[in-house]
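Structure file structure_2.txt; described as compact mmCIF, C-alpha atoms.
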# COMPACT_ATOMS: atom_id res chain seq x y z
CA ARG A 1 28.97 42.89 -30.81
CA ASP A 2 28.02 39.22 -30.95
CA THR A 3 24.39 38.43 -30.26
CA TYR A 4 23.00 35.31 -28.64
CA ASP A 5 19.63 33.68 -28.45
CA VAL A 6 18.66 34.23 -24.84
CA GLN A 7 15.73 32.44 -23.28
CA PRO A 8 13.09 34.69 -21.72
CA MET A 9 13.49 34.85 -17.95
CA GLU A 10 10.32 32.84 -17.29
CA ASP A 11 11.49 30.03 -19.62
CA ARG A 12 14.83 29.39 -17.94
CA PRO A 13 14.62 26.09 -15.97
CA HIS A 14 16.62 27.35 -12.96
CA THR A 15 14.55 30.54 -12.86
CA ARG A 16 11.30 28.60 -12.95
CA SER A 17 12.59 26.42 -10.12
CA ARG A 18 13.49 29.45 -7.99
CA THR A 19 10.13 31.06 -8.71
CA ALA A 20 8.23 27.87 -7.85
CA THR A 21 10.18 27.50 -4.62
CA GLY A 22 9.45 31.09 -3.62
CA ASP A 23 5.78 30.73 -4.46
CA ALA A 24 5.56 27.48 -2.52
CA TYR A 25 7.12 29.06 0.56
CA ALA A 26 4.77 32.04 0.20
CA LEU A 27 1.74 29.74 -0.06
CA HIS A 28 2.71 27.80 3.06
CA GLU A 29 3.33 31.03 4.94
CA SER A 30 -0.05 32.44 3.93
CA VAL A 31 -1.99 29.31 4.96
CA PRO A 32 -1.68 28.35 8.67
CA PRO A 33 0.02 24.95 9.16
CA ASP A 34 -3.02 23.44 10.86
CA ARG A 35 -5.00 24.01 7.64
CA TRP A 36 -2.71 21.88 5.43
CA CYS A 37 -5.42 19.23 5.33
CA VAL A 38 -7.05 16.75 2.96
CA THR A 39 -10.53 15.28 2.63
CA TRP A 40 -11.75 11.69 2.57
CA LYS A 41 -12.25 12.04 -1.20
CA ASN A 42 -8.68 13.32 -1.57
CA LEU A 43 -7.45 10.04 -0.07
CA GLU A 44 -9.57 8.09 -2.54
CA TYR A 45 -8.01 10.17 -5.31
CA LEU A 46 -4.53 9.35 -3.96
CA ARG A 47 -5.34 5.63 -3.98
CA LYS A 48 -6.35 5.78 -7.65
CA GLU A 49 -3.29 7.87 -8.55
CA VAL A 50 -0.92 5.39 -6.90
CA LYS A 51 -2.61 2.46 -8.64
CA ASP A 52 -2.21 4.22 -12.00
CA ALA A 53 1.43 5.02 -11.23
CA LEU A 54 2.10 1.35 -10.43
CA LEU A 55 0.49 0.23 -13.69
CA LYS A 56 2.63 2.75 -15.59
CA GLU A 57 5.71 1.50 -13.68
CA GLU A 58 6.37 4.97 -12.28
CA ILE A 59 6.75 3.48 -8.77
CA HIS A 60 9.40 0.78 -8.49
CA PRO A 61 10.46 -1.72 -5.78
CA ASN A 62 13.86 -1.07 -4.22
CA ASP A 63 16.22 -2.65 -1.69
CA ARG A 64 14.52 -0.88 1.19
CA ASP A 65 11.03 -1.70 -0.03
CA PRO A 66 10.85 -4.84 -2.24
CA PHE A 67 7.07 -4.71 -2.57
CA GLN A 68 5.10 -6.79 -5.07
CA ARG A 69 4.02 -4.61 -7.99
CA TYR A 70 0.50 -6.08 -8.17
CA ASP A 71 -0.09 -6.17 -4.41
CA ARG A 72 -3.19 -4.10 -3.65
CA ILE A 73 -3.47 -5.22 -0.03
CA TYR A 74 -0.35 -3.50 1.30
CA GLY A 75 1.43 -1.89 -1.65
CA PRO A 76 4.61 0.21 -1.58
CA SER A 77 5.55 1.85 1.71
CA ILE A 78 4.81 5.47 2.52
CA TYR A 79 8.55 6.18 2.13
CA THR A 80 8.50 4.82 -1.43
CA VAL A 81 5.27 6.58 -2.43
CA THR A 82 6.55 9.88 -1.06
CA GLU A 83 9.86 9.66 -2.93
CA GLN A 84 8.57 8.25 -6.21
CA HIS A 85 5.11 9.78 -6.51
CA ILE A 86 4.25 12.61 -4.11
CA LYS A 87 7.53 14.45 -4.55
CA PRO A 88 7.52 14.36 -8.39
CA VAL A 89 3.84 15.30 -8.62
CA THR A 90 4.09 18.24 -6.23
CA ARG A 91 7.39 19.37 -7.73
CA ASP A 92 5.74 19.65 -11.15
CA ALA A 93 2.76 21.45 -9.59
CA GLY A 94 4.91 24.12 -7.90
CA LYS A 95 6.63 22.44 -4.92
CA MET A 96 3.78 23.01 -2.48
CA SER A 97 2.51 20.14 -0.34
CA TRP A 98 0.11 17.58 -1.79
CA ALA A 99 -2.62 18.91 0.52
CA LEU A 100 -2.26 22.52 -0.63
CA MET A 101 -1.90 21.40 -4.23
CA LEU A 102 -5.48 20.13 -3.98
CA ASN A 103 -6.78 22.65 -1.45
CA PRO A 104 -4.74 25.86 -1.86
CA ARG A 105 -6.83 27.81 0.65
CA GLY A 106 -6.46 25.14 3.28
CA LEU A 107 -9.10 23.31 5.30
CA ASP A 108 -10.06 23.29 8.97
CA CYS A 109 -8.37 20.46 10.84
CA ASP A 110 -10.78 17.94 12.37
CA LEU A 111 -8.61 14.84 12.43
CA PHE A 112 -4.88 14.35 13.07
CA ILE A 113 -3.35 11.17 11.62
CA SER A 114 -0.28 9.70 13.32
CA HIS A 115 1.66 6.97 11.50
CA ALA A 116 5.21 5.64 11.17
CA TRP A 117 5.62 5.57 7.34
CA ALA A 118 6.52 1.84 7.47
CA GLU A 119 3.07 0.71 6.34
CA GLY A 120 2.06 0.08 2.73
CA ILE A 121 0.09 2.86 1.07
CA PHE A 122 -2.98 0.70 0.44
CA GLU A 123 -2.87 -0.66 3.99
CA PHE A 124 -2.67 2.92 5.30
CA LEU A 125 -5.48 4.27 3.12
CA ARG A 126 -7.76 1.31 3.83
CA LYS A 127 -7.36 1.69 7.59
CA VAL A 128 -7.76 5.47 7.59
CA ARG A 129 -10.80 5.49 5.33
CA HIS A 130 -12.49 2.68 7.28
CA SER A 131 -11.75 4.32 10.66
CA TRP A 132 -12.52 7.91 9.64
CA PRO A 133 -14.51 9.33 12.58
CA ARG A 134 -18.09 10.36 11.97
CA GLY A 135 -18.37 14.12 11.68
CA ALA A 136 -14.73 14.66 10.69
CA ARG A 137 -14.40 16.46 7.37
CA HIS A 138 -10.70 17.13 6.98
CA ALA A 139 -7.53 15.39 8.14
CA TRP A 140 -3.93 16.47 8.67
CA CYS A 141 -1.37 13.86 7.63
CA CYS A 142 2.34 14.72 7.62
CA MET A 143 3.29 13.07 4.32
CA LEU A 144 0.57 15.05 2.54
CA ALA A 145 0.59 18.23 4.63
CA ASN A 146 4.29 19.05 4.64
CA PRO A 147 5.93 20.37 1.44
CA GLN A 148 8.20 17.44 0.63
CA ASN A 149 10.25 19.38 -1.94
CA LEU A 150 11.07 22.27 0.41
CA ASN A 151 13.35 22.48 3.43
CA ILE A 152 11.09 20.74 5.96
CA GLY A 153 13.83 20.91 8.57
CA ALA A 154 13.26 24.65 8.85
CA LEU A 155 9.67 23.94 9.90
CA LEU A 156 10.70 21.50 12.62
CA GLN A 157 13.34 23.43 14.55
CA SER A 158 10.97 23.93 17.48
CA PRO A 159 8.77 20.84 18.05
CA SER A 160 6.22 22.76 20.13
CA SER A 161 5.59 25.25 17.29
CA SER A 162 6.01 22.77 14.45
CA PRO A 163 3.19 22.06 11.97
CA PHE A 164 2.69 18.71 13.72
CA ALA A 165 2.01 20.34 17.10
CA LEU A 166 -0.16 23.14 15.72
CA ALA A 167 -2.31 20.73 13.71
CA LEU A 168 -2.69 18.29 16.60
CA HIS A 169 -3.87 21.05 18.94
CA SER A 170 -6.47 22.13 16.34
CA ALA A 171 -7.76 18.62 15.70
CA ASN A 172 -10.71 17.15 17.56
CA VAL A 173 -9.52 13.54 17.27
CA VAL A 174 -6.18 11.76 16.80
CA LEU A 175 -6.15 8.62 14.65
CA VAL A 176 -3.19 6.27 15.18
CA VAL A 177 -2.44 3.97 12.23
CA PRO A 178 -0.55 0.79 13.27
CA ASN A 179 1.40 -1.35 10.82
CA ARG A 180 2.61 -4.94 10.61
CA HIS A 181 6.32 -4.08 10.77
CA CYS A 182 6.85 -2.17 14.01
CA SER A 183 5.21 -0.08 16.71
CA ILE A 184 4.64 3.44 15.46
CA TYR A 185 6.17 4.68 18.72
CA THR A 186 9.60 3.53 17.58
CA ARG A 187 9.45 6.72 15.50
CA LEU A 188 10.32 9.74 17.62
CA TRP A 189 7.75 12.08 16.08
CA CYS A 190 4.95 9.57 16.70
CA ALA A 191 5.97 9.31 20.35
CA TYR A 192 5.91 13.11 20.59
CA GLU A 193 2.49 13.23 18.94
CA GLY A 194 1.21 10.66 21.42
CA TYR A 195 2.54 12.76 24.29
CA LEU A 196 0.91 15.93 22.94
CA ALA A 197 -2.41 14.17 22.39
CA GLN A 198 -2.38 12.77 25.93
CA GLU A 199 -1.47 16.13 27.46
CA ALA A 200 -4.16 17.93 25.45
CA GLY A 201 -6.80 15.35 26.36
CA LYS A 202 -7.52 14.48 22.73
CA PRO A 203 -9.49 11.30 22.00
CA ILE A 204 -7.09 8.76 20.48
CA LEU A 205 -8.48 6.15 18.10
CA VAL A 206 -6.63 3.18 16.61
CA ALA A 207 -7.27 2.66 12.90
CA ARG A 208 -8.22 -0.80 11.69
CA THR A 209 -9.44 -2.47 8.55
CA SER A 210 -12.97 -3.72 8.00
CA SER A 211 -13.71 -7.22 9.29
CA LEU A 212 -16.28 -7.76 6.53
CA PRO A 213 -13.87 -9.43 4.03
CA ARG A 214 -12.71 -11.92 6.68
CA PHE A 215 -16.30 -12.57 7.72
CA MET A 216 -17.33 -13.25 4.13
CA SER A 217 -14.33 -15.54 3.67
CA SER A 218 -15.32 -17.50 6.79
CA MET A 219 -18.89 -17.78 5.55
CA LYS A 220 -17.60 -19.15 2.25
CA TYR A 221 -15.72 -21.97 4.03
CA LEU A 222 -18.69 -22.53 6.34
CA CYS A 223 -21.21 -22.93 3.52
CA ALA A 224 -18.88 -25.10 1.41
CA SER A 225 -18.16 -27.46 4.31
CA ALA A 226 -21.84 -27.67 5.28
CA ALA A 227 -22.91 -28.40 1.70
CA PHE A 228 -20.23 -31.05 1.24
CA GLY A 229 -21.14 -32.63 4.59
CA CYS A 230 -24.84 -32.76 3.66
CA LEU A 231 -23.99 -34.38 0.32
CA LEU A 232 -21.83 -37.02 1.97
CA GLY A 233 -24.54 -37.57 4.58
CA MET A 234 -27.11 -38.33 1.87
CA LEU A 235 -24.70 -40.72 0.15
CA VAL A 236 -23.90 -42.52 3.43
CA ARG A 237 -27.60 -43.03 4.13
CA ALA A 238 -28.27 -44.16 0.58
CA TRP A 239 -25.53 -46.79 0.90
CA GLY A 240 -26.70 -47.84 4.37
CA LEU A 241 -23.37 -47.10 6.06
CA ARG A 242 -22.90 -46.19 9.72
CA LEU A 243 -20.29 -43.69 10.91
CA ASP A 244 -20.80 -43.99 14.67
CA ARG A 245 -17.43 -45.62 15.15
CA TYR A 246 -15.67 -42.70 13.44
CA LEU A 247 -17.14 -39.88 15.52
CA TRP A 248 -13.97 -39.81 17.62
CA LEU A 249 -12.37 -38.12 14.62
CA VAL A 250 -14.46 -35.04 15.36
CA SER A 251 -13.03 -34.79 18.89
CA VAL A 252 -9.47 -35.22 17.61
CA ALA A 253 -9.94 -32.62 14.89
CA ALA A 254 -11.56 -30.19 17.34
CA MET A 255 -8.68 -30.62 19.78
CA LEU A 256 -6.11 -30.09 17.02
CA GLY A 257 -8.00 -26.98 15.90
CA THR A 258 -7.50 -25.41 19.33
CA THR A 259 -3.77 -26.23 19.53
CA ILE A 260 -2.52 -25.57 15.99
CA THR A 261 -1.11 -22.08 15.53
CA ASP A 262 -0.97 -22.13 11.73
CA ASN A 263 -4.11 -20.37 10.51
CA LYS A 264 -4.55 -22.42 7.33
CA SER A 265 -4.23 -25.72 9.19
CA ARG A 266 -6.76 -24.52 11.76
CA ILE A 267 -9.22 -23.62 9.01
CA VAL A 268 -8.83 -27.12 7.53
CA MET A 269 -9.51 -28.74 10.92
CA HIS A 270 -12.58 -26.61 11.56
CA CYS A 271 -13.98 -27.30 8.10
CA PHE A 272 -13.42 -31.04 8.63
CA CYS A 273 -15.32 -30.95 11.95
CA GLU A 274 -18.19 -29.07 10.41
CA MET A 275 -18.38 -31.47 7.48
CA ILE A 276 -18.55 -34.49 9.83
CA CYS A 277 -21.28 -32.81 11.88
CA PHE A 278 -23.41 -32.23 8.78
CA ILE A 279 -22.86 -35.82 7.64
CA GLU A 280 -24.46 -36.94 10.91
Will you turn the file into structure tokens for me?
Amino acid sequence: RDTYDVQPMEDRPHTRSRTATGDAYALHESVPPDRWCVTWKNLEYLRKEVKDALLKEEIHPNDRDPFQRYDRIYGPSIYTVTEQHIKPVTRDAGKMSWALMLNPRGLDCDLFISHAWAEGIFEFLRKVRHSWPRGARHAWCCMLANPQNLNIGALLQSPSSSPFALALHSANVVLVVPNRHCSIYTRLWCAYEGYLAQEAGKPILVARTSSLPRFMSSMKYLCASAAFGCLLGMLVRAWGLRLDRYLWLVSVAAMLGTTITDNKSRIVMHCFCEMICFIE
């Protein structure tokens, strides 16, 4: 009888895939859905992982999401990151969710995050991490909680008993993450989450980014204009010039600054007014 080199059962690719799928289902059945959570540090880890993946060109722009590769303000959308990073990483780890990959025993749910997936990953992480409520330790977020390589549809057949609903009822706070593209309530699940949160009397917070960078940028323009105005003022006095007849320019610039809608033009007008004031 002919003999063949047969791979051991555990080395066959299709067998490994079946085993991983079964183990992933078993893990998600053993850990309650409301415990498929991540920590604040887990989100920081995700940010670094996505940055590394972009540098290695493992995440690519596409027709649906033509993001700029070196953009660290918004970055690729949640859709793109899920397809090109979260799915491959969790598939190699055993097809469980990203949350249970890092925390296989699960974590108590303190915070429920509601978002529409249209936002960039860096925009999302920056808003969530800045708006993370004091006292919250763990958060439930659908893109990280649900096993993206398994049949998620089977988990969502009954909305009221879905992982979304169970996690939201366990959470103390709901954090809504807006984006620059659309209202999150154009997504049906987000509308349902909002309804559940309202019915359950959960506090609903709106995530936002820190205002510190914008404040520091404003201070930079403020100091530069003041310094330049003082320098011109000293030169005007040294040359014995008088600028009284030109003070009307300040009123014109101030009026234009209140009517112009373009932000850059408004900044120029305000800096000009400040410079004239310091000259005087």
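The space separating atom CA of A:Val50 from atom CA of A:Phe112 comes to 22.2 Å.
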* Which residues come within 12 Å of stretch 146-156 of chain A, counting all atoms listed in the file, excluding same-chain residues fewer than 3 positions away, as number ranges by chain? -> A: 17-18, 20-29, 32-38, 79, 81-101, 140-143, 159-167, 189
* Could you tell me which of A:Ala171, A:Ser30, A:Phe124, A:Arg69 comes closest to A:Lys56 if we count only C-alpha atoms? => A:Arg69
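Put simply, atom CA of A:Met234 is 22.4 Å away from atom CA of A:Met219.
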* Structure fact -> atom CA of A:Glu193 to atom CA of A:Arg64 measures 25.7 Å
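Nearest residue to A:Leu188 among A:Leu55, A:Ala116, A:Ala139, A:Ile121 is A:Ala116, counting all atoms listed in the file.
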* **All residues 8 Å or closer to stretch 125-138 of chain A, only C-alpha atoms, same chain fewer than 6 positions away omitted, as a ChimeraX atom specification** => /A:37-40,43-44,47,107-111,175,177,206-210
Save the residues we just selected, C-alpha atoms, as an mmCIF file, in the frame of the given file?
data_model
loop_
_atom_site.group_PDB
_atom_site.id
_atom_site.type_symbol
_atom_site.label_atom_id
_atom_site.label_comp_id
_atom_site.auth_asym_id
_atom_site.auth_seq_id
_atom_site.Cartn_x
_atom_site.Cartn_y
_atom_site.Cartn_z
ATOM 1 C CA CYS A 37 -5.420 19.230 5.330
ATOM 2 C CA VAL A 38 -7.050 16.750 2.960
ATOM 3 C CA THR A 39 -10.530 15.280 2.630
ATOM 4 C CA TRP A 40 -11.750 11.690 2.570
ATOM 5 C CA LEU A 43 -7.450 10.040 -0.070
ATOM 6 C CA GLU A 44 -9.570 8.090 -2.540
ATOM 7 C CA ARG A 47 -5.340 5.630 -3.980
ATOM 8 C CA LEU A 107 -9.100 23.310 5.300
ATOM 9 C CA ASP A 108 -10.060 23.290 8.970
ATOM 10 C CA CYS A 109 -8.370 20.460 10.840
ATOM 11 C CA ASP A 110 -10.780 17.940 12.370
ATOM 12 C CA LEU A 111 -8.610 14.840 12.430
ATOM 13 C CA LEU A 175 -6.150 8.620 14.650
ATOM 14 C CA VAL A 177 -2.440 3.970 12.230
ATOM 15 C CA VAL A 206 -6.630 3.180 16.610
ATOM 16 C CA ALA A 207 -7.270 2.660 12.900
ATOM 17 C CA ARG A 208 -8.220 -0.800 11.690
ATOM 18 C CA THR A 209 -9.440 -2.470 8.550
ATOM 19 C CA SER A 210 -12.970 -3.720 8.000
#
